[in-house]
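Novice: Structure provided below as structure tokens; questions to follow.
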Amino acid sequence: MRNTGHPTSNGASTSRRYDLVKDPVFYITFAFFALLTTALPAALGQPNFLPIAQTVALTLFLAIPLRRGKTGTGIMMLSLWLSLQFMVMLVGSALLPVVFQRAIHDGFDFHRALLEWSATGSSLPGSLHENAGPRVVELFGVLLGSLVSAGLIGIWFLMRTLNQFAFAAGRLAAEGPSGLILGLMPWRIAMIAGYAGSVALLAQPLLRNTWSPFFYLARHRRLAAVSILLLAAGLVTELALPGLWRVLWAP
């Protein structure tokens, strides 16, 4: 009887110790969905389905570590997802511009305005100078939206922002190496990184049902500070840097 009981006991103990977010299959599946939800809707030219599919998949995956307080794992997952999404959109926009511009709202006009900015120094499309209202909505959508929706609304804004940024980089990259550098606008990189950190932090109160700001400041003071600094740096440099950046790197 004792020999029969031991395997059962050990098996139950092993089952209790299983941690999904440490399983390599989880990350393989995660990367697969990052590629699938970006490449398929973009190739089909679906400007609404693209961010919706990305948002739903990323929110569900990200909720797993965040509701257990594994913020570092959540940041790592966000970094992996954003990197894969960026590469798919950048390469696709450079190689298949007509197809991928249909996956961006007003993609043709946005592309034309990008080329005008790079060639003549006209207003950068989508910038704070040109579209301050939508950019403020984007900022508060990420911050307040993440807080009230366990990250869902914030991720939706983040997905749209990154898709547009990667599309712009891909279209300018088609003009040559200097165009690629021009497209890697540092102010947008800073904003996207700040958005990602903010989503990872602000999604947790609802997921963990813990709303005390002191709880998160005690545990995630560095993440909060870095996210705020990145957002501030992105906003300030977007107002001051685009003209100089274009002069240095325009094809």
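Labels used: A, B, ... for chains in the order of the structure tokens, numbers from 1 for residues in each chain, and numbers from 1 for ligands as shown.
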Mind listing the alpha helix (DSSP H) residues of segment 61-140 of chain A, per DSSP on the backbone, as a PyMOL selection string?
Specialist: chain A and resi 61-66+71-95+97-101+107-120+132-140
Novice: If you count only C-alpha atoms, which residues fall within 10 Å of Phe49 of chain A, apart from same-chain ones fewer than 5 positions away, as a JSON list (two decimals) with C-alpha atoms, in the first residue's frame?
Specialist:
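out29.json written:
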[["chain", "number", "residue", "atom", "x", "y", "z"],
["A", 37, "THR", "CA", -2.40, 38.34, -35.41],
["A", 38, "THR", "CA", -0.05, 40.80, -37.10],
["A", 40, "LEU", "CA", -2.61, 37.80, -41.36],
["A", 41, "PRO", "CA", -4.79, 40.92, -40.83],
["A", 42, "ALA", "CA", -2.05, 43.14, -42.31],
["A", 44, "LEU", "CA", -5.53, 41.07, -45.76],
["A", 54, "GLN", "CA", -3.57, 41.87, -31.59],
["A", 55, "THR", "CA", -5.24, 43.46, -28.57],
["A", 103, "ALA", "CA", -4.02, 47.86, -42.96]]
Novice: I'd like to know which of A:Leu80, A:Val247, A:Leu182, A:Leu50 is closest to His105 of chain A, using only C-alpha atoms.
Specialist: A:Leu50
Novice: Pick the closest to Lys22 of chain A from A:Ile64, A:Ala250, A:Ala34, A:Leu78: which is it, counting only C-alpha atoms?
Specialist: A:Ile64
Novice: Determine, counting only C-alpha atoms, which protein, DNA and RNA residues have an atom within 9 Å of an atom of segment 197-202 of chain A; residues of the same chain fewer than 4 positions away are not included. Present the result as a ChimeraX atom specification.
Specialist: /A:62,66,71,74-75,78,142-148,150-152,154-155,158,192-193,206,216,220,223-224,226-228
Novice: Can you spit out the residues from that selection as a short mmCIF file (atom, residue, chain, number, x, y, z; two decimals), in the first residue's frame, using C-alpha atoms?
Specialist:
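The resulting file, out17.cif, is reproduced below:
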data_model
loop_
_atom_site.label_atom_id
_atom_site.label_comp_id
_atom_site.auth_asym_id
_atom_site.auth_seq_id
_atom_site.Cartn_x
_atom_site.Cartn_y
_atom_site.Cartn_z
CA LEU A 62 -0.43 39.15 -20.54
CA LEU A 66 0.31 39.98 -14.30
CA THR A 71 5.57 41.90 -13.60
CA GLY A 74 4.93 40.52 -18.25
CA ILE A 75 7.54 43.09 -19.34
CA LEU A 78 5.50 42.67 -23.95
CA VAL A 142 -3.11 54.03 -22.57
CA LEU A 143 -2.95 55.30 -18.99
CA LEU A 144 -6.58 55.50 -17.87
CA GLY A 145 -7.70 52.82 -20.30
CA SER A 146 -5.26 50.29 -18.87
CA LEU A 147 -6.35 51.10 -15.34
CA VAL A 148 -10.09 50.60 -15.90
CA ALA A 150 -7.11 45.42 -16.97
CA GLY A 151 -4.94 46.62 -19.84
CA LEU A 152 -7.37 45.98 -22.70
CA GLY A 154 -4.35 50.58 -23.21
CA ILE A 155 -3.09 47.68 -25.31
CA LEU A 158 -0.45 50.63 -27.99
CA ILE A 192 6.04 53.13 -27.10
CA ALA A 193 8.44 51.89 -24.41
CA LEU A 206 -8.02 45.20 -11.66
CA TYR A 216 2.62 49.16 -6.32
CA HIS A 220 7.37 48.72 -8.78
CA LEU A 223 9.07 50.62 -13.39
CA ALA A 224 6.79 53.58 -12.64
CA VAL A 226 11.18 54.71 -15.92
CA SER A 227 7.79 54.68 -17.65
CA ILE A 228 7.08 58.29 -16.66
#
Novice: Extract, using only C-alpha atoms, all DNA, RNA and protein residues at most 9 Å from Gly92 of chain A, discarding same-chain residues fewer than 6 positions from it, and format them as JSON, numbers by chain.
Specialist: {"A": [39, 42, 43, 99, 100, 167, 170]}
Novice: For each of A:Leu217, A:Asn131, A:Gln46, A:Phe61, take the minimum atom-to-atom distance to Thr29 of chain A, counting only C-alpha atoms, then give the residue where this is smallest.
Specialist: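 Under the stated criterion, the closest residue is A:Phe61.
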Novice: With distances taken over only C-alpha atoms, which residue among A:Ile153, A:Ile52, A:Met185, A:Ala57 lies nearest Leu139 of chain A?
Specialist: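 Of all the options, A:Ile153 lies closest to Leu139 of chain A.
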Novice: Tell me, in Å to one decimal, how far atom CA of Pro24 of chain A is from atom CA of Lys70 of chain A.
Specialist: 16.3 Å
Novice: Please report the interatomic distance between atom CA of Arg68 of chain A and atom CA of Asp23 of chain A in Å with one decimal.
Specialist: 15.5 Å
Novice: Work out how far atom CA of Trp211 of chain A is from atom CA of Thr59 of chain A, in Å to one decimal.
Specialist: 19.5 Å
